[in-house]
file input_31.txt (compact mmCIF, C-alpha atoms)
# COMPACT_ATOMS: atom_id res chain seq x y z
CA MET A 226 -190.65 122.21 67.11
CA LYS A 227 -187.78 119.93 68.12
CA ARG A 228 -187.12 119.13 64.47
CA ILE A 229 -187.11 122.80 63.51
CA GLY A 230 -184.76 123.54 66.40
CA LEU A 231 -182.43 120.76 65.26
CA LEU A 232 -182.37 122.14 61.72
CA ILE A 233 -181.62 125.66 62.96
CA ALA A 234 -178.83 124.40 65.21
CA LEU A 235 -177.32 122.31 62.40
CA LEU A 236 -177.43 125.22 59.97
CA GLY A 237 -175.80 127.45 62.57
CA ALA A 238 -173.07 124.86 63.11
CA VAL A 239 -172.41 124.62 59.37
CA LEU A 240 -172.17 128.40 59.04
CA LEU A 241 -169.85 128.58 62.04
CA VAL A 242 -167.54 125.99 60.50
CA VAL A 243 -167.61 127.85 57.18
CA ALA A 244 -166.68 131.13 58.91
CA ALA A 245 -163.90 129.46 60.92
CA LEU A 246 -162.42 127.76 57.83
CA GLY A 247 -162.45 131.06 55.98
CA GLN A 248 -160.85 132.91 58.88
CA TRP A 249 -158.03 130.47 59.63
CA THR A 250 -157.39 128.52 56.43
CA ALA A 251 -156.62 129.28 52.78
CA LEU A 252 -160.27 128.60 51.88
CA GLY A 253 -160.96 132.21 52.79
CA ASP A 254 -158.31 133.61 50.45
CA PHE A 255 -159.62 135.94 47.77
CA ARG A 256 -159.50 135.30 44.05
CA THR A 257 -156.16 135.81 42.31
CA TYR A 258 -155.42 136.85 38.73
CA SER A 259 -152.63 136.16 36.27
CA VAL A 260 -149.68 138.53 36.28
CA ARG A 261 -149.36 141.06 33.46
CA ASP A 262 -145.94 141.27 31.82
CA TRP A 263 -145.23 144.76 33.22
CA GLU A 264 -146.12 144.03 36.85
CA LYS A 265 -143.42 143.93 39.54
CA PHE A 266 -145.29 141.27 41.52
CA ASP A 267 -143.12 138.79 43.42
CA PRO A 268 -145.08 135.67 44.52
CA GLU A 269 -142.55 134.98 47.29
CA THR A 270 -143.76 138.10 49.14
CA VAL A 271 -147.34 136.80 49.55
CA PRO A 272 -146.77 134.45 52.52
CA LEU A 273 -144.23 136.83 54.06
CA TRP A 274 -146.23 140.07 54.05
CA ARG A 275 -149.65 139.32 55.51
CA SER A 276 -150.26 142.45 57.59
CA MET A 277 -149.98 146.23 57.41
CA THR A 278 -147.05 145.97 59.83
CA ASP A 279 -145.25 143.67 57.40
CA LEU A 280 -145.74 146.13 54.53
CA GLN A 281 -144.51 149.05 56.65
CA ALA A 282 -141.44 147.08 57.74
CA GLU A 283 -140.58 146.22 54.15
CA THR A 284 -141.02 149.86 53.17
CA ASP A 285 -138.60 150.96 55.91
CA ARG A 286 -135.92 148.66 54.50
CA HIS A 287 -135.70 150.80 51.36
CA LEU A 288 -135.86 154.28 52.88
CA PRO A 289 -132.91 156.61 53.50
CA GLU A 290 -132.10 157.78 57.02
CA ASN A 291 -134.20 160.95 56.80
CA PRO A 292 -136.79 160.19 54.12
CA SER A 293 -138.90 162.87 52.46
CA GLU A 294 -142.60 162.43 51.75
CA PRO A 295 -141.95 161.44 48.11
CA ASP A 296 -139.36 158.91 49.32
CA VAL A 297 -141.94 157.35 51.64
CA MET A 298 -144.75 157.35 49.06
CA THR A 299 -142.53 155.85 46.37
CA SER A 300 -141.29 153.10 48.68
CA LEU A 301 -144.83 152.31 49.86
CA GLN A 302 -146.05 152.00 46.28
CA GLU A 303 -143.10 149.80 45.35
CA THR A 304 -143.94 147.50 48.28
CA ILE A 305 -147.55 147.21 47.13
CA ALA A 306 -146.43 146.53 43.56
CA LYS A 307 -144.26 143.61 44.71
CA ARG A 308 -147.03 142.16 46.88
CA PHE A 309 -150.13 142.38 44.63
CA THR A 310 -151.27 141.67 41.09
CA VAL A 311 -153.98 143.60 39.28
CA GLY A 312 -157.51 142.23 39.68
CA GLU A 313 -160.55 142.73 41.90
CA GLY A 314 -160.40 141.16 45.36
CA VAL A 315 -163.81 139.57 45.98
CA HIS A 316 -165.36 137.64 48.87
CA ASN A 317 -166.17 133.96 48.63
CA VAL A 318 -168.53 131.91 50.80
CA PHE A 319 -165.71 131.08 53.24
CA SER A 320 -164.19 134.56 53.61
CA ASN A 321 -167.55 136.09 54.57
CA TRP A 322 -170.68 134.04 53.95
CA ILE A 323 -172.91 137.06 54.63
CA GLN A 324 -171.16 139.26 52.04
CA TRP A 325 -171.19 136.34 49.62
CA GLY A 326 -174.93 135.89 50.14
CA LEU A 327 -175.62 139.61 49.73
CA GLY A 328 -173.53 139.44 46.57
CA ARG A 329 -176.24 137.27 45.04
CA VAL A 330 -178.42 140.40 45.29
CA HIS A 331 -175.80 142.95 44.17
CA PRO A 332 -172.14 142.30 43.18
CA ALA A 333 -170.92 145.36 45.12
CA PHE A 334 -171.20 143.30 48.30
CA LEU A 335 -168.65 140.82 46.93
CA HIS A 336 -166.05 143.58 46.61
CA VAL A 337 -163.52 143.55 49.48
CA TRP A 338 -163.39 146.98 51.10
CA SER A 339 -161.02 146.48 54.03
CA PRO A 340 -157.31 146.99 53.20
CA GLU A 341 -156.41 144.86 56.21
CA LEU A 342 -158.43 141.95 54.81
CA LEU A 343 -156.86 142.36 51.39
CA VAL A 344 -153.38 142.11 52.85
CA ALA A 345 -154.26 139.14 55.09
CA LYS A 346 -156.22 137.09 52.56
CA GLY A 347 -155.57 138.53 49.10
CA GLN A 348 -153.04 138.61 46.29
CA SER A 349 -154.90 140.76 43.72
CA MET A 350 -156.47 144.21 43.99
CA HIS A 351 -158.68 146.44 41.87
CA CYS A 352 -157.63 150.07 41.34
CA ASP A 353 -159.80 151.47 44.17
CA GLN A 354 -158.58 148.75 46.56
CA ALA A 355 -154.92 149.39 45.73
CA SER A 356 -155.30 153.16 46.06
CA TYR A 357 -157.08 152.87 49.39
CA LEU A 358 -154.42 150.51 50.71
CA LEU A 359 -151.74 153.03 49.76
CA MET A 360 -153.80 155.79 51.38
CA THR A 361 -154.05 153.79 54.59
CA LEU A 362 -150.33 153.03 54.73
CA ALA A 363 -149.44 156.66 54.04
CA SER A 364 -151.88 157.91 56.69
CA GLN A 365 -150.25 155.62 59.24
CA ARG A 366 -147.07 157.60 58.59
CA GLY A 367 -148.77 160.96 59.04
CA ILE A 368 -149.08 161.85 55.35
CA LEU A 369 -152.37 163.50 54.33
CA THR A 370 -154.03 161.72 51.42
CA ARG A 371 -157.20 161.74 49.35
CA HIS A 372 -159.02 159.22 47.17
CA VAL A 373 -159.61 160.31 43.57
CA GLY A 374 -162.18 158.86 41.18
CA LEU A 375 -161.42 159.48 37.51
CA GLY A 376 -164.63 158.21 35.95
CA GLY A 377 -163.34 154.75 35.09
CA HIS A 378 -160.18 154.50 37.18
CA VAL A 379 -159.22 155.27 40.79
CA VAL A 380 -155.97 156.74 42.10
CA MET A 381 -154.88 158.64 45.19
CA GLU A 382 -153.00 161.83 45.92
CA ALA A 383 -150.66 162.71 48.77
CA TRP A 384 -150.35 166.24 50.16
CA TYR A 385 -146.86 167.58 50.76
CA ALA A 386 -144.78 170.58 49.65
CA ASP A 387 -148.03 172.62 49.56
CA ASP A 388 -149.60 170.60 46.77
CA TRP A 389 -151.24 167.29 45.82
CA HIS A 390 -149.23 164.56 44.10
CA LEU A 391 -150.58 161.58 42.12
CA PHE A 392 -149.72 157.98 42.97
CA ASP A 393 -151.29 155.10 41.07
CA PRO A 394 -150.42 151.73 42.66
CA ASP A 395 -152.78 149.85 40.32
CA MET A 396 -150.97 150.92 37.15
CA GLU A 397 -147.67 151.25 39.06
CA VAL A 398 -147.36 154.86 37.91
CA ILE A 399 -145.67 157.79 39.65
CA PRO A 400 -145.70 160.64 37.10
CA LEU A 401 -142.74 162.99 37.26
CA GLY A 402 -142.50 166.49 35.85
CA PRO A 403 -139.44 168.03 34.17
CA ASP A 404 -138.05 169.06 37.56
CA GLY A 405 -138.42 165.56 38.98
CA ASP A 406 -141.39 166.39 41.23
CA VAL A 407 -144.41 164.10 41.30
CA LEU A 408 -147.27 165.65 39.32
CA SER A 409 -150.86 166.07 40.50
CA VAL A 410 -153.89 164.56 38.79
CA ASP A 411 -154.74 167.90 37.18
CA GLU A 412 -151.17 168.47 36.01
CA VAL A 413 -151.00 165.07 34.34
CA ALA A 414 -154.42 165.56 32.74
CA GLN A 415 -153.23 168.78 31.09
CA ASP A 416 -149.88 167.39 29.93
CA GLU A 417 -150.38 165.21 26.83
CA THR A 418 -146.74 164.13 26.86
CA ALA A 419 -146.99 162.92 30.47
CA LEU A 420 -150.32 161.21 29.76
CA LYS A 421 -148.88 159.16 26.92
CA LYS A 422 -145.64 158.47 28.74
CA TYR A 423 -147.19 157.16 31.95
CA PHE A 424 -150.58 155.83 30.85
CA GLY A 425 -150.06 155.04 27.16
CA ARG A 426 -149.64 151.34 27.98
CA TYR A 427 -153.44 151.20 27.74
CA PRO A 428 -154.80 153.82 25.31
CA GLU A 429 -158.19 154.00 27.06
CA MET A 430 -156.40 155.14 30.22
CA VAL A 431 -155.13 158.24 28.42
CA GLY A 432 -158.71 159.38 27.91
CA ILE A 433 -159.81 158.45 31.43
CA VAL A 434 -156.95 160.22 33.19
CA GLY A 435 -156.99 163.11 30.72
CA SER A 436 -160.66 163.98 31.21
CA ARG A 437 -161.04 166.39 34.14
CA GLU A 438 -164.77 167.12 34.09
CA ASN A 439 -165.86 163.93 35.88
CA ASN A 440 -163.15 163.62 38.54
CA THR A 441 -164.13 163.15 42.20
CA PHE A 442 -161.76 164.48 44.86
CA VAL A 443 -162.44 163.64 48.51
CA SER A 444 -160.05 165.34 50.91
CA LEU A 445 -162.32 165.40 53.98
CA PRO A 446 -163.13 163.55 56.09
CA VAL A 447 -159.63 162.12 56.14
CA GLY A 448 -159.60 158.51 54.95
CA ALA A 449 -162.89 158.72 53.06
CA ARG A 450 -163.35 156.92 49.78
CA PHE A 451 -164.24 158.85 46.64
CA ASP A 452 -167.71 157.28 46.50
CA TRP A 453 -170.30 157.51 49.31
CA LYS A 454 -171.53 154.00 48.49
CA GLY A 455 -168.04 152.65 49.03
CA ASN A 456 -167.88 154.25 52.47
CA LEU A 457 -171.26 152.74 53.38
CA LEU A 458 -170.41 149.28 52.05
CA ALA A 459 -167.11 149.34 53.94
CA TYR A 460 -169.06 149.77 57.19
CA VAL A 461 -171.42 146.96 56.20
CA GLU A 462 -168.44 144.68 55.57
CA LYS A 463 -166.92 145.60 58.95
CA ILE A 464 -170.18 144.70 60.70
CA THR A 465 -170.63 141.42 58.82
CA GLU A 466 -167.08 140.37 59.70
CA PHE A 467 -168.39 140.30 63.27
CA LEU A 468 -171.82 138.91 62.48
CA LYS A 469 -170.51 135.99 60.42
CA PHE A 470 -169.57 134.38 63.76
CA VAL A 471 -172.30 135.82 65.97
CA ILE A 472 -175.28 134.79 63.84
CA PRO A 473 -174.31 131.07 63.74
CA LEU A 474 -173.74 131.07 67.51
CA VAL A 475 -177.17 132.62 68.07
CA MET A 476 -178.72 130.08 65.71
CA ILE A 477 -177.13 127.21 67.62
CA GLY A 478 -178.35 128.64 70.93
CA VAL A 479 -181.88 129.18 69.64
CA GLY A 480 -181.93 125.71 68.08
CA PHE A 481 -180.94 124.00 71.32
CA TRP A 482 -183.48 126.07 73.27
CA MET A 483 -186.22 124.99 70.87
CA MET A 484 -185.19 121.35 71.22
CA ARG A 485 -185.14 121.55 75.01
CA SER A 486 -188.50 123.31 75.18
CA GLY A 487 -189.93 120.36 73.29
CA GLY A 488 -192.53 122.47 71.52
CA HIS A 489 -195.00 122.19 74.41
CA CYS A 490 -197.52 124.99 74.58
CA PRO A 491 -199.60 125.74 77.70
CA ARG A 492 -203.13 124.32 77.40
CA SER A 493 -205.98 126.74 77.41
CA GLU A 494 -208.69 126.06 79.95
call {"tool": "encode", "arguments": {"input": "input_31.txt", "output": "structure tokens"}}
result
Amino acid sequence: MKRIGLLIALLGAVLLVVAALGQWTALGDFRTYSVRDWEKFDPETVPLWRSMTDLQAETDRHLPENPSEPDVMTSLQETIAKRFTVGEGVHNVFSNWIQWGLGRVHPAFLHVWSPELLVAKGQSMHCDQASYLLMTLASQRGILTRHVGLGGHVVMEAWYADDWHLFDPDMEVIPLGPDGDVLSVDEVAQDETALKKYFGRYPEMVGIVGSRENNTFVSLPVGARFDWKGNLLAYVEKITEFLKFVIPLVMIGVGFWMMRSGGHCPRSE
């Protein structure tokens, strides 16, 4: 029993060190991807903007004195474009060893769901991650938003001026109509000229954005993702961010208790 206790304590110590290294060193940084020629990404922003507060402060630097909702949304998206490249942010063994282990069962657990984590430890984001980050930043400024699944791509819409307006931080697209207003998802889908103008960089995107029959709009509850599985997995990730430290500590405690108990069992008479 002492030997088993020692092994449990050692394993707990290893996992605790892994979690600590991932939390406070670059070992926990998420995977990065090469920059596409059209991206506005500036690598110098990565070490400077490591929190939501940093992104909001940078956004404020480019806003007029009395900004409108489209001013705020455009500036927020520009900030995200300068800070991130395109590519899925995924966990590694150091960032969250529990998520990494669960990812051996299903890759969805490797996907980073928290926008705060992506800003703190990431440089690349998938379309749903970028859209949800923009949603979160906009919501912090009191702008109503919703997550939109397009059956192969994810964007978000902001509600102002009595209508929804499409913002796509992943493709760095803000589609404008003839009057200069930002179009909605449905308006873009029905405007072939706008589709080709804003999404023609990748022909497959024209079909994805242009097809309306498989779109998923989630307005309520506020801040929900377009997919119920994403909402559930985001809660799992939040819990494991806590457990990745707690489980090793419990293992160490149990291991030491087993070693101290010495494996002696009361004799039966």
call {"tool": "residues_near_point", "arguments": {"input": "input_31.txt", "point": "(-147.9, 163.2, 31.8)", "cutoff": "10 Å", "atoms": "all atoms listed in the file", "output": "compact mmCIF listing (two decimals) with C-alpha atoms, in the coordinates of the input"}}
result
# COMPACT_ATOMS: atom_id res chain seq x y z
CA ILE A 399 -145.67 157.79 39.65
CA PRO A 400 -145.70 160.64 37.10
CA LEU A 401 -142.74 162.99 37.26
CA GLY A 402 -142.50 166.49 35.85
CA LEU A 408 -147.27 165.65 39.32
CA SER A 409 -150.86 166.07 40.50
CA VAL A 410 -153.89 164.56 38.79
CA ASP A 411 -154.74 167.90 37.18
CA GLU A 412 -151.17 168.47 36.01
CA VAL A 413 -151.00 165.07 34.34
CA ALA A 414 -154.42 165.56 32.74
CA GLN A 415 -153.23 168.78 31.09
CA ASP A 416 -149.88 167.39 29.93
CA GLU A 417 -150.38 165.21 26.83
CA THR A 418 -146.74 164.13 26.86
CA ALA A 419 -146.99 162.92 30.47
CA LEU A 420 -150.32 161.21 29.76
CA LYS A 421 -148.88 159.16 26.92
CA LYS A 422 -145.64 158.47 28.74
CA TYR A 423 -147.19 157.16 31.95
CA PHE A 424 -150.58 155.83 30.85
CA GLY A 425 -150.06 155.04 27.16
CA VAL A 431 -155.13 158.24 28.42
CA VAL A 434 -156.95 160.22 33.19
CA GLY A 435 -156.99 163.11 30.72
call {"tool": "closest_residue", "arguments": {"input": "input_31.txt", "among": "A:Gly455, A:Gly230, A:Gly237, A:Gly432", "to": "Val475 of chain A", "atoms": "only C-alpha atoms"}}
result
A:Gly237
call {"tool": "residues_around", "arguments": {"input": "input_31.txt", "residues": "Glu294 of chain A", "least_positions_apart": "5", "cutoff": "10 Å", "atoms": "only C-alpha atoms", "output": "ChimeraX atom specification"}}
result
/A:299-300,363,366-368,383-386
call {"tool": "atom_distance", "arguments": {"input": "input_31.txt", "atom1": "atom CA of Trp322 of chain A", "atom2": "atom CA of Val344 of chain A"}}
result
19.1 Å
call {"tool": "atom_distance", "arguments": {"input": "input_31.txt", "atom1": "atom CA of Val443 of chain A", "atom2": "atom CA of Leu391 of chain A"}}
result
13.6 Å
call {"tool": "atom_distance", "arguments": {"input": "input_31.txt", "atom1": "atom CA of Gln348 of chain A", "atom2": "atom CA of Thr310 of chain A"}}
result
6.3 Å
call {"tool": "residues_around", "arguments": {"input": "input_31.txt", "residues": "segment 278-282 of chain A", "least_positions_apart": "2", "cutoff": "12 Å", "atoms": "only C-alpha atoms", "output": "JSON, numbers by chain"}}
result
{"A": [270, 271, 272, 273, 274, 275, 276, 284, 285, 286, 287, 288, 297, 298, 300, 301, 302, 303, 304, 305, 306, 307, 308, 309, 340, 341, 344, 345, 358, 359, 361, 362, 363, 364, 365, 366]}
call {"tool": "closest_residue", "arguments": {"input": "input_31.txt", "among": "A:Asp254, A:Asp262, A:Glu283, A:Glu397", "to": "Gly314 of chain A", "atoms": "all atoms listed in the file"}}
result
A:Asp254
call {"tool": "closest_atom_pairs", "arguments": {"input": "input_31.txt", "of": "segment 386-488 of chain A", "to": "segment 330-337 of chain A", "cutoff": "9 Å", "atoms": "all atoms listed in the file", "output": "tab-separated table"}}
result
residue	atom	partner	partner_atom	distance
A:Gly455	CA	A:Ala333	CA	8.8
A:Leu458	CA	A:Phe334	CA	7.1
A:Ala459	CA	A:Val337	CA	8.1
A:Val461	CA	A:Phe334	CA	8.7
A:Glu462	CA	A:Phe334	CA	7.9
call {"tool": "closest_residue", "arguments": {"input": "input_31.txt", "among": "A:Leu232, A:His351, A:Phe470, A:Phe481", "to": "Gln248 of chain A", "atoms": "only C-alpha atoms"}}
result
A:Phe470
